[in-house]
Amino acid sequence: MSAMAGQPLRVLACGDVEGRLEALFGRVRTIQAKSGRFDMLLCVGNFFGSTSGAEWEEYRTGVKKAPIPTYVLGANDQDTVRYFPDASGCELAENITYLGRRGIFSGTSGLQIAYLSGTESQDEPVPAYSFSSKDVTELKASLLSTPKFKGVDILLTSPWPRDVGNFGNSPGEIDTKKCGSALVSNLAASVKPRYHFAALEKAYYERLPYRNHIVLQETPQHVSRFIALADVGNTSKKKYLYAFSIIPMSLMDPAELVKQPQDVTENPYQKLRKEAHKAKTLMCAEEEPACQFFFDLNKNQGKKRPSNGKEKGNSQPKQAKKPPQPTGPCWFCLASPEVEKHLVVSVGTHCYLALAKGGLLPDHVLILPIGHYQSVVDLSSEVVEEVTKYKSVLKEFFRSKGKRYVLFERNYRSQHLQLQVIPVPLDLCTSEDIKESFIVQAQEQQIELLEIPEHSDIKQVAQPGTPYFYVELDTGEKLFHRIRKSFPLQFGREVLASAALLGLPHRADWRQCTAARPEEAAAAQAFRRDFQPFDFGLQH
């Protein structure tokens, strides 16, 4: 497995062999005859099957020989444990090596392969064909303790990682929320493999590459590719062999390594990464105060600035600045004759609440500044304070009705800030479901919707005058998209109206939902009455 410095290694990966050695090695010989020699073959899933006996005997005794160095994972059931005499790994036959229960295999080329044999088990003692959370913790610790650890080149497991389909392309009939192992997800989230191979489901699934860093918070890292392979010789002609070239991470130019492909998606194990990040933050909190950095999305791309808002020459004057005046008639300035006052349901000092005209639901409301501001980024501190207060009471109000709100703003082809607040029944979907729907539907339209830190301010990622779209859940989680060219005007409504969430696709366009003025006035009156116990506004 030695490679010239910077020369790619040629690798084959294979799904469940099930003892069909002749079929597998015959195929490998054909491939090599056509496209030249490969450096190694990596097998995941069941290498042996219930009928392996006769075929295996010929290889074990040296009558036949594997055409290429072959590395295999251990047993996944009691029946095949007997084929693996040494749990720590050993040569099973000439050119066929059992890697062992778990560990890191590094060849002379510098290629680093992490592996974990067997299936997940909660039982004590752990069966010989299984792994436990202790195995995963120890494997992670041995890797993460290495200085400047960035990730591994390849991860080999037999089970799929649970939830690998999140934010990705469809895995067909396989339900990734139920199938596979959560411990494998945990391992993959930590060791950040460039390639992760798995099997056991008798299916082929090449997931879109996913990113390993949190955009705007962490410096870019390499992407990961998950590939599940089918079983050798399957009658459905599903792919069971995968060929690829790889230069070991340790020999790559760092800029080349972190290049992000066009079709990169959000990390499917985001939740696990967040929990790990929280645990890490708690551990570090006692050592030193953390200074968090965000990346400006303006012309100074990539320059870091502290998140405490203290920038030279940018101290806020104490007196309130007068909001800018609209250049023409504005439908949303409260003093404007154009405002539809019958829809107003609460008025504060700096903001007011109004029912949305043609709302997605009867209790779809808008938070609007009384003065003329174009976006949240332009608001003065006292207006921001009151917007936050309205968000807080709306959360309380909707929760009392068994709902959670989703808020979004589109600062594009609009002149007065409108924060759209739409309640979704708690029993209909979780905040994770809402977030996933936004990210997935954005990806389908080539819109990059990025998660930004919960406690950060939108002003930290967008400059005044920057067109953007952003979503906020009542948990404080936020998604952000910087609009560069065009943007679908009804996107926020379309996602919430879609079958995945509210199931009201016919109400995606507000113009199809407008009602007569008396109906609107009655709806506003009903909302006002319900909202009154929560309202801190001046006018009830």
# chains A, B, ... in the order shown; residues from 1 in each chain; ligands from 1
>>> residues_around(residues="Glu386 in chain A", least_positions_apart="3", cutoff="12 Å", atoms="only C-alpha atoms", output="VMD selection string")
chain A and resid 347 to 353 367 to 370 376 379 to 383 389 to 393 536 to 537
>>> select_by_dssp(residues="range 31-141 of chain A", states="helix (DSSP H, G or I)", output="short mmCIF file (atom, residue, chain, number, x, y, z; two decimals) with N, CA and C atoms, in the first residue's frame")
data_model
loop_
_atom_site.label_atom_id
_atom_site.label_comp_id
_atom_site.auth_asym_id
_atom_site.auth_seq_id
_atom_site.Cartn_x
_atom_site.Cartn_y
_atom_site.Cartn_z
N ILE A 31 -12.14 -5.89 -13.80
CA ILE A 31 -11.94 -4.44 -13.66
C ILE A 31 -10.47 -4.10 -13.85
N GLN A 32 -9.59 -4.90 -13.24
CA GLN A 32 -8.15 -4.62 -13.34
C GLN A 32 -7.64 -4.83 -14.77
N ALA A 33 -8.22 -5.80 -15.47
CA ALA A 33 -7.80 -6.05 -16.86
C ALA A 33 -8.17 -4.84 -17.72
N LYS A 34 -9.32 -4.23 -17.40
CA LYS A 34 -9.80 -3.07 -18.18
C LYS A 34 -9.09 -1.79 -17.80
N SER A 35 -8.95 -1.55 -16.49
CA SER A 35 -8.49 -0.20 -16.10
C SER A 35 -7.24 -0.19 -15.23
N GLY A 53 -18.36 -22.30 3.25
CA GLY A 53 -17.41 -23.39 3.47
C GLY A 53 -16.47 -23.76 2.34
N ALA A 54 -17.02 -24.35 1.25
CA ALA A 54 -16.18 -24.93 0.19
C ALA A 54 -15.32 -23.87 -0.51
N GLU A 55 -15.95 -22.74 -0.89
CA GLU A 55 -15.19 -21.69 -1.60
C GLU A 55 -14.07 -21.15 -0.72
N TRP A 56 -14.39 -20.92 0.55
CA TRP A 56 -13.40 -20.33 1.45
C TRP A 56 -12.21 -21.26 1.66
N GLU A 57 -12.47 -22.56 1.75
CA GLU A 57 -11.43 -23.56 2.02
C GLU A 57 -10.30 -23.45 1.00
N GLU A 58 -10.66 -23.19 -0.27
CA GLU A 58 -9.64 -23.10 -1.33
C GLU A 58 -8.71 -21.90 -1.12
N TYR A 59 -9.28 -20.80 -0.60
CA TYR A 59 -8.46 -19.60 -0.35
C TYR A 59 -7.66 -19.78 0.94
N ARG A 60 -8.30 -20.35 1.96
CA ARG A 60 -7.66 -20.52 3.26
C ARG A 60 -6.43 -21.41 3.15
N GLN A 78 -23.57 -14.61 15.06
CA GLN A 78 -22.90 -15.70 15.77
C GLN A 78 -22.35 -16.76 14.80
N ASP A 79 -23.09 -17.02 13.70
CA ASP A 79 -22.72 -18.09 12.76
C ASP A 79 -21.33 -17.91 12.16
N THR A 80 -20.92 -16.65 11.93
CA THR A 80 -19.66 -16.44 11.20
C THR A 80 -18.48 -16.07 12.11
N VAL A 81 -18.72 -16.02 13.44
CA VAL A 81 -17.64 -15.68 14.38
C VAL A 81 -16.46 -16.64 14.22
N ARG A 82 -16.74 -17.92 13.91
CA ARG A 82 -15.69 -18.95 13.83
C ARG A 82 -14.63 -18.66 12.76
N TYR A 83 -14.97 -17.83 11.76
CA TYR A 83 -14.00 -17.54 10.70
C TYR A 83 -12.90 -16.56 11.14
N SER A 133 -20.98 1.23 23.06
CA SER A 133 -20.63 2.66 23.11
C SER A 133 -19.19 2.81 23.61
N LYS A 134 -18.74 1.87 24.45
CA LYS A 134 -17.36 1.94 24.97
C LYS A 134 -16.35 1.80 23.81
N ASP A 135 -16.64 0.87 22.87
CA ASP A 135 -15.75 0.69 21.70
C ASP A 135 -15.65 1.98 20.91
N VAL A 136 -16.82 2.62 20.70
CA VAL A 136 -16.85 3.84 19.90
C VAL A 136 -16.11 4.96 20.62
N THR A 137 -16.34 5.08 21.93
CA THR A 137 -15.67 6.13 22.72
C THR A 137 -14.16 5.95 22.66
N GLU A 138 -13.69 4.70 22.80
CA GLU A 138 -12.24 4.46 22.79
C GLU A 138 -11.62 4.71 21.41
N LEU A 139 -12.35 4.32 20.36
CA LEU A 139 -11.84 4.55 19.01
C LEU A 139 -11.76 6.06 18.73
N LYS A 140 -12.81 6.78 19.13
CA LYS A 140 -12.81 8.24 18.95
C LYS A 140 -11.65 8.88 19.72
N ALA A 141 -11.47 8.44 20.98
CA ALA A 141 -10.43 9.03 21.83
C ALA A 141 -9.04 8.81 21.23
#
>>> closest_residue(among="A:Asp457, A:Glu477, A:Asp231, A:Glu519", to="Leu24 in chain A", atoms="only C-alpha atoms")
A:Asp231
>>> closest_residue(among="A:Tyr115, A:Ser121, A:Thr514, A:Cys333", to="Val152 in chain A", atoms="only C-alpha atoms")
A:Tyr115
>>> residues_around(residues="range 409-414 of chain A", least_positions_apart="3", cutoff="8 Å", atoms="only C-alpha atoms", output="list in words")
Gln374, Ser375, Leu417, Gln418, Leu419, Gln420, Thr466, Pro467, Tyr468, Phe469, Tyr470, Val471, Ile483, Phe487 and Leu489 of chain A
>>> write_last_selection(atoms="N, CA and C atoms", output="short mmCIF file (atom, residue, chain, number, x, y, z; two decimals), in the first residue's frame")
data_model
loop_
_atom_site.label_atom_id
_atom_site.label_comp_id
_atom_site.auth_asym_id
_atom_site.auth_seq_id
_atom_site.Cartn_x
_atom_site.Cartn_y
_atom_site.Cartn_z
N GLN A 374 -36.01 49.40 6.63
CA GLN A 374 -36.12 48.40 5.56
C GLN A 374 -35.91 46.97 6.06
N SER A 375 -35.01 46.76 7.05
CA SER A 375 -34.72 45.39 7.49
C SER A 375 -34.30 45.40 8.96
N LEU A 417 -39.67 46.76 6.64
CA LEU A 417 -39.45 45.49 7.32
C LEU A 417 -40.77 44.83 7.73
N GLN A 418 -40.92 43.56 7.34
CA GLN A 418 -42.05 42.75 7.81
C GLN A 418 -41.49 41.44 8.36
N LEU A 419 -41.71 41.20 9.63
CA LEU A 419 -41.33 39.91 10.20
C LEU A 419 -42.59 39.05 10.20
N GLN A 420 -42.60 38.03 9.38
CA GLN A 420 -43.78 37.15 9.24
C GLN A 420 -43.71 36.13 10.37
N THR A 466 -27.59 44.72 2.53
CA THR A 466 -27.39 43.38 1.95
C THR A 466 -28.75 42.68 1.82
N PRO A 467 -29.13 42.23 0.62
CA PRO A 467 -30.39 41.46 0.52
C PRO A 467 -30.20 40.09 1.16
N TYR A 468 -31.17 39.64 1.93
CA TYR A 468 -31.05 38.33 2.57
C TYR A 468 -32.43 37.78 2.88
N PHE A 469 -32.46 36.48 3.24
CA PHE A 469 -33.67 35.83 3.73
C PHE A 469 -33.26 35.13 5.01
N TYR A 470 -34.08 35.24 6.05
CA TYR A 470 -33.71 34.49 7.25
C TYR A 470 -34.92 33.94 7.97
N VAL A 471 -34.73 32.79 8.61
CA VAL A 471 -35.79 32.08 9.34
C VAL A 471 -35.35 31.96 10.78
N ILE A 483 -28.87 36.75 -0.36
CA ILE A 483 -29.40 36.76 -1.73
C ILE A 483 -28.40 37.48 -2.64
N PHE A 487 -34.44 35.66 -5.95
CA PHE A 487 -34.93 34.84 -4.84
C PHE A 487 -36.44 34.67 -5.00
N LEU A 489 -40.02 34.94 -4.23
CA LEU A 489 -40.64 35.85 -3.26
C LEU A 489 -41.49 35.13 -2.22
#
>>> atom_distance(atom1="CA of Lys239 in chain A", atom2="CA of Val44 in chain A")
13.7 Å
>>> closest_residue(among="A:Val232, A:Leu251, A:Ile113, A:Leu156", to="Phe25 in chain A", atoms="only C-alpha atoms")
A:Val232
>>> residues_around(residues="Phe527 in chain A", least_positions_apart="2", cutoff="9 Å", atoms="only C-alpha atoms", output="PyMOL selection string")
chain A and resi 345+355+362-363+522-525+529-532
>>> closest_atom_pairs(of="range 404-453 of chain A", to="range 164-188 of chain A", cutoff="8 Å", atoms="only C-alpha atoms", output="tab-separated table")
residue	atom	partner	partner_atom	distance
A:Glu436	CA	A:Phe167	CA	6.5
A:Ile439	CA	A:Phe167	CA	6.8
A:Val440	CA	A:Phe167	CA	5.5
>>> closest_residue(among="A:Ala66, A:Pro254, A:Pro423, A:Arg484", to="Arg27 in chain A", atoms="only C-alpha atoms")
A:Ala66
>>> residues_around(residues="Phe491 in chain A", least_positions_apart="4", cutoff="9 Å", atoms="only C-alpha atoms", output="PyMOL selection string")
chain A and resi 442+487+495-496+508
>>> residues_around(residues="Gly45 in chain A", least_positions_apart="3", cutoff="12 Å", atoms="only C-alpha atoms", output="ChimeraX atom specification")
/A:13-19,42,48-49,71-77,80,115-119,129,156-160,197-203,228-232,240
>>> write_last_selection(atoms="C-alpha atoms", output="PDB file, in the first residue's frame")
ATOM      1  CA  ALA A  13     -14.720  -0.872  -1.813  1.00  0.00           C
ATOM      2  CA  CYS A  14     -17.222  -3.721  -1.666  1.00  0.00           C
ATOM      3  CA  GLY A  15     -20.524  -4.488   0.115  1.00  0.00           C
ATOM      4  CA  ASP A  16     -21.620  -7.831   1.639  1.00  0.00           C
ATOM      5  CA  VAL A  17     -19.608 -10.641  -0.004  1.00  0.00           C
ATOM      6  CA  GLU A  18     -21.670 -13.358   1.778  1.00  0.00           C
ATOM      7  CA  GLY A  19     -18.937 -15.895   0.915  1.00  0.00           C
ATOM      8  CA  LEU A  42     -11.917  -2.927   1.345  1.00  0.00           C
ATOM      9  CA  PHE A  48     -18.758 -14.715   5.036  1.00  0.00           C
ATOM     10  CA  GLY A  49     -22.195 -16.229   4.515  1.00  0.00           C
ATOM     11  CA  TYR A  71      -9.055  -6.023   4.027  1.00  0.00           C
ATOM     12  CA  VAL A  72     -12.257  -7.195   5.711  1.00  0.00           C
ATOM     13  CA  LEU A  73     -14.403  -6.393   8.749  1.00  0.00           C
ATOM     14  CA  GLY A  74     -15.424  -9.013  11.336  1.00  0.00           C
ATOM     15  CA  ALA A  75     -18.587 -11.022  11.978  1.00  0.00           C
ATOM     16  CA  ASN A  76     -22.082  -9.518  12.235  1.00  0.00           C
ATOM     17  CA  ASP A  77     -23.738 -12.667  13.627  1.00  0.00           C
ATOM     18  CA  THR A  80     -19.662 -16.442  11.197  1.00  0.00           C
ATOM     19  CA  TYR A 115     -12.701   0.661  11.174  1.00  0.00           C
ATOM     20  CA  LEU A 116     -15.356  -0.783  13.457  1.00  0.00           C
ATOM     21  CA  SER A 117     -16.486  -4.415  13.063  1.00  0.00           C
ATOM     22  CA  GLY A 118     -19.891  -5.879  13.900  1.00  0.00           C
ATOM     23  CA  THR A 119     -23.320  -4.467  14.727  1.00  0.00           C
ATOM     24  CA  TYR A 129     -19.947  -9.963  16.711  1.00  0.00           C
ATOM     25  CA  LEU A 156     -15.352   1.291   7.391  1.00  0.00           C
ATOM     26  CA  THR A 157     -18.431   0.075   9.296  1.00  0.00           C
ATOM     27  CA  SER A 158     -20.943  -2.655   8.533  1.00  0.00           C
ATOM     28  CA  PRO A 159     -24.146  -0.867   9.688  1.00  0.00           C
ATOM     29  CA  TRP A 160     -25.264   2.402   8.117  1.00  0.00           C
ATOM     30  CA  PHE A 197     -18.502   2.814   3.484  1.00  0.00           C
ATOM     31  CA  ALA A 198     -21.213   0.555   4.968  1.00  0.00           C
ATOM     32  CA  ALA A 199     -23.453  -2.347   3.892  1.00  0.00           C
ATOM     33  CA  LEU A 200     -25.945  -4.867   5.432  1.00  0.00           C
ATOM     34  CA  GLU A 201     -29.078  -3.240   3.892  1.00  0.00           C
ATOM     35  CA  LYS A 202     -28.643  -4.888   0.466  1.00  0.00           C
ATOM     36  CA  ALA A 203     -28.945  -1.443  -1.119  1.00  0.00           C
ATOM     37  CA  ALA A 228     -23.580   2.181   1.084  1.00  0.00           C
ATOM     38  CA  LEU A 229     -22.982  -0.857  -1.114  1.00  0.00           C
ATOM     39  CA  ALA A 230     -25.231  -3.775  -2.033  1.00  0.00           C
ATOM     40  CA  ASP A 231     -24.395  -7.493  -1.792  1.00  0.00           C
ATOM     41  CA  VAL A 232     -22.094  -9.256  -4.267  1.00  0.00           C
ATOM     42  CA  TYR A 240     -21.713  -3.583  -4.879  1.00  0.00           C
TER      43      TYR A 240
END
>>> closest_residue(among="A:Glu494, A:Asp153, A:Pro127, A:Pro329", to="Ser106 in chain A", atoms="only C-alpha atoms")
A:Asp153
>>> atom_distance(atom1="CA of Phe398 in chain A", atom2="CA of Asp535 in chain A")
12.6 Å
>>> select_by_dssp(residues="range 413-494 of chain A", states="strand (DSSP E or B)", output="VMD selection string")
chain A and resid 419 to 425 450 to 452 468 to 473 478 to 482
>>> write_last_selection(atoms="N, CA, C and O atoms", output="PDB file, in the first residue's frame")
ATOM      1  N   LEU A 419     -41.705  41.199   9.631  1.00  0.00           N
ATOM      2  CA  LEU A 419     -41.334  39.909  10.202  1.00  0.00           C
ATOM      3  C   LEU A 419     -42.593  39.050  10.203  1.00  0.00           C
ATOM      4  O   LEU A 419     -43.559  39.341  10.917  1.00  0.00           O
ATOM      5  N   GLN A 420     -42.603  38.032   9.377  1.00  0.00           N
ATOM      6  CA  GLN A 420     -43.782  37.155   9.245  1.00  0.00           C
ATOM      7  C   GLN A 420     -43.714  36.126  10.371  1.00  0.00           C
ATOM      8  O   GLN A 420     -42.716  35.426  10.508  1.00  0.00           O
ATOM      9  N   VAL A 421     -44.784  36.024  11.146  1.00  0.00           N
ATOM     10  CA  VAL A 421     -44.801  35.067  12.265  1.00  0.00           C
ATOM     11  C   VAL A 421     -45.964  34.102  12.046  1.00  0.00           C
ATOM     12  O   VAL A 421     -47.126  34.510  12.052  1.00  0.00           O
ATOM     13  N   ILE A 422     -45.628  32.819  11.836  1.00  0.00           N
ATOM     14  CA  ILE A 422     -46.657  31.823  11.485  1.00  0.00           C
ATOM     15  C   ILE A 422     -46.639  30.692  12.509  1.00  0.00           C
ATOM     16  O   ILE A 422     -45.599  30.058  12.728  1.00  0.00           O
ATOM     17  N   PRO A 423     -47.780  30.454  13.173  1.00  0.00           N
ATOM     18  CA  PRO A 423     -47.819  29.383  14.177  1.00  0.00           C
ATOM     19  C   PRO A 423     -48.038  28.004  13.536  1.00  0.00           C
ATOM     20  O   PRO A 423     -48.784  27.876  12.576  1.00  0.00           O
ATOM     21  N   VAL A 424     -47.358  27.003  14.079  1.00  0.00           N
ATOM     22  CA  VAL A 424     -47.491  25.624  13.587  1.00  0.00           C
ATOM     23  C   VAL A 424     -47.853  24.752  14.791  1.00  0.00           C
ATOM     24  O   VAL A 424     -47.204  24.867  15.838  1.00  0.00           O
ATOM     25  N   PRO A 425     -48.879  23.901  14.693  1.00  0.00           N
ATOM     26  CA  PRO A 425     -49.251  23.065  15.848  1.00  0.00           C
ATOM     27  C   PRO A 425     -48.083  22.211  16.338  1.00  0.00           C
ATOM     28  O   PRO A 425     -47.369  21.603  15.540  1.00  0.00           O
ATOM     29  N   LEU A 450     -27.964  28.620   5.517  1.00  0.00           N
ATOM     30  CA  LEU A 450     -26.950  28.237   6.507  1.00  0.00           C
ATOM     31  C   LEU A 450     -27.465  28.444   7.917  1.00  0.00           C
ATOM     32  O   LEU A 450     -28.164  29.418   8.186  1.00  0.00           O
ATOM     33  N   GLU A 451     -27.068  27.542   8.809  1.00  0.00           N
ATOM     34  CA  GLU A 451     -27.452  27.727  10.211  1.00  0.00           C
ATOM     35  C   GLU A 451     -26.482  28.717  10.840  1.00  0.00           C
ATOM     36  O   GLU A 451     -25.276  28.636  10.640  1.00  0.00           O
ATOM     37  N   ILE A 452     -27.016  29.686  11.579  1.00  0.00           N
ATOM     38  CA  ILE A 452     -26.122  30.630  12.266  1.00  0.00           C
ATOM     39  C   ILE A 452     -26.313  30.467  13.773  1.00  0.00           C
ATOM     40  O   ILE A 452     -27.332  29.952  14.215  1.00  0.00           O
ATOM     41  N   TYR A 468     -31.169  39.641   1.927  1.00  0.00           N
ATOM     42  CA  TYR A 468     -31.048  38.332   2.571  1.00  0.00           C
ATOM     43  C   TYR A 468     -32.432  37.777   2.882  1.00  0.00           C
ATOM     44  O   TYR A 468     -33.446  38.488   2.812  1.00  0.00           O
ATOM     45  N   PHE A 469     -32.458  36.483   3.238  1.00  0.00           N
ATOM     46  CA  PHE A 469     -33.672  35.834   3.732  1.00  0.00           C
ATOM     47  C   PHE A 469     -33.255  35.128   5.007  1.00  0.00           C
ATOM     48  O   PHE A 469     -32.190  34.517   5.061  1.00  0.00           O
ATOM     49  N   TYR A 470     -34.084  35.244   6.053  1.00  0.00           N
ATOM     50  CA  TYR A 470     -33.707  34.488   7.252  1.00  0.00           C
ATOM     51  C   TYR A 470     -34.922  33.943   7.972  1.00  0.00           C
ATOM     52  O   TYR A 470     -36.017  34.495   7.891  1.00  0.00           O
ATOM     53  N   VAL A 471     -34.729  32.789   8.612  1.00  0.00           N
ATOM     54  CA  VAL A 471     -35.790  32.081   9.340  1.00  0.00           C
ATOM     55  C   VAL A 471     -35.349  31.964  10.782  1.00  0.00           C
ATOM     56  O   VAL A 471     -34.171  31.699  11.049  1.00  0.00           O
ATOM     57  N   GLU A 472     -36.291  32.124  11.701  1.00  0.00           N
ATOM     58  CA  GLU A 472     -35.961  31.940  13.112  1.00  0.00           C
ATOM     59  C   GLU A 472     -37.056  31.093  13.748  1.00  0.00           C
ATOM     60  O   GLU A 472     -38.247  31.345  13.546  1.00  0.00           O
ATOM     61  N   LEU A 473     -36.658  30.068  14.508  1.00  0.00           N
ATOM     62  CA  LEU A 473     -37.629  29.237  15.226  1.00  0.00           C
ATOM     63  C   LEU A 473     -37.774  29.786  16.641  1.00  0.00           C
ATOM     64  O   LEU A 473     -36.890  30.504  17.125  1.00  0.00           O
ATOM     65  N   LYS A 478     -31.582  29.714  14.038  1.00  0.00           N
ATOM     66  CA  LYS A 478     -31.734  30.621  12.895  1.00  0.00           C
ATOM     67  C   LYS A 478     -31.072  30.056  11.649  1.00  0.00           C
ATOM     68  O   LYS A 478     -30.018  29.435  11.715  1.00  0.00           O
ATOM     69  N   LEU A 479     -31.712  30.306  10.490  1.00  0.00           N
ATOM     70  CA  LEU A 479     -31.148  29.935   9.196  1.00  0.00           C
ATOM     71  C   LEU A 479     -31.045  31.195   8.350  1.00  0.00           C
ATOM     72  O   LEU A 479     -31.949  32.044   8.387  1.00  0.00           O
ATOM     73  N   PHE A 480     -29.982  31.314   7.561  1.00  0.00           N
ATOM     74  CA  PHE A 480     -29.725  32.564   6.846  1.00  0.00           C
ATOM     75  C   PHE A 480     -29.289  32.287   5.409  1.00  0.00           C
ATOM     76  O   PHE A 480     -28.504  31.367   5.156  1.00  0.00           O
ATOM     77  N   HIS A 481     -29.792  33.084   4.468  1.00  0.00           N
ATOM     78  CA  HIS A 481     -29.341  33.003   3.076  1.00  0.00           C
ATOM     79  C   HIS A 481     -29.052  34.406   2.566  1.00  0.00           C
ATOM     80  O   HIS A 481     -29.904  35.287   2.667  1.00  0.00           O
ATOM     81  N   ARG A 482     -27.855  34.591   2.069  1.00  0.00           N
ATOM     82  CA  ARG A 482     -27.528  35.887   1.471  1.00  0.00           C
ATOM     83  C   ARG A 482     -27.956  35.855   0.006  1.00  0.00           C
ATOM     84  O   ARG A 482     -27.496  35.021  -0.767  1.00  0.00           O
TER      85      ARG A 482
END
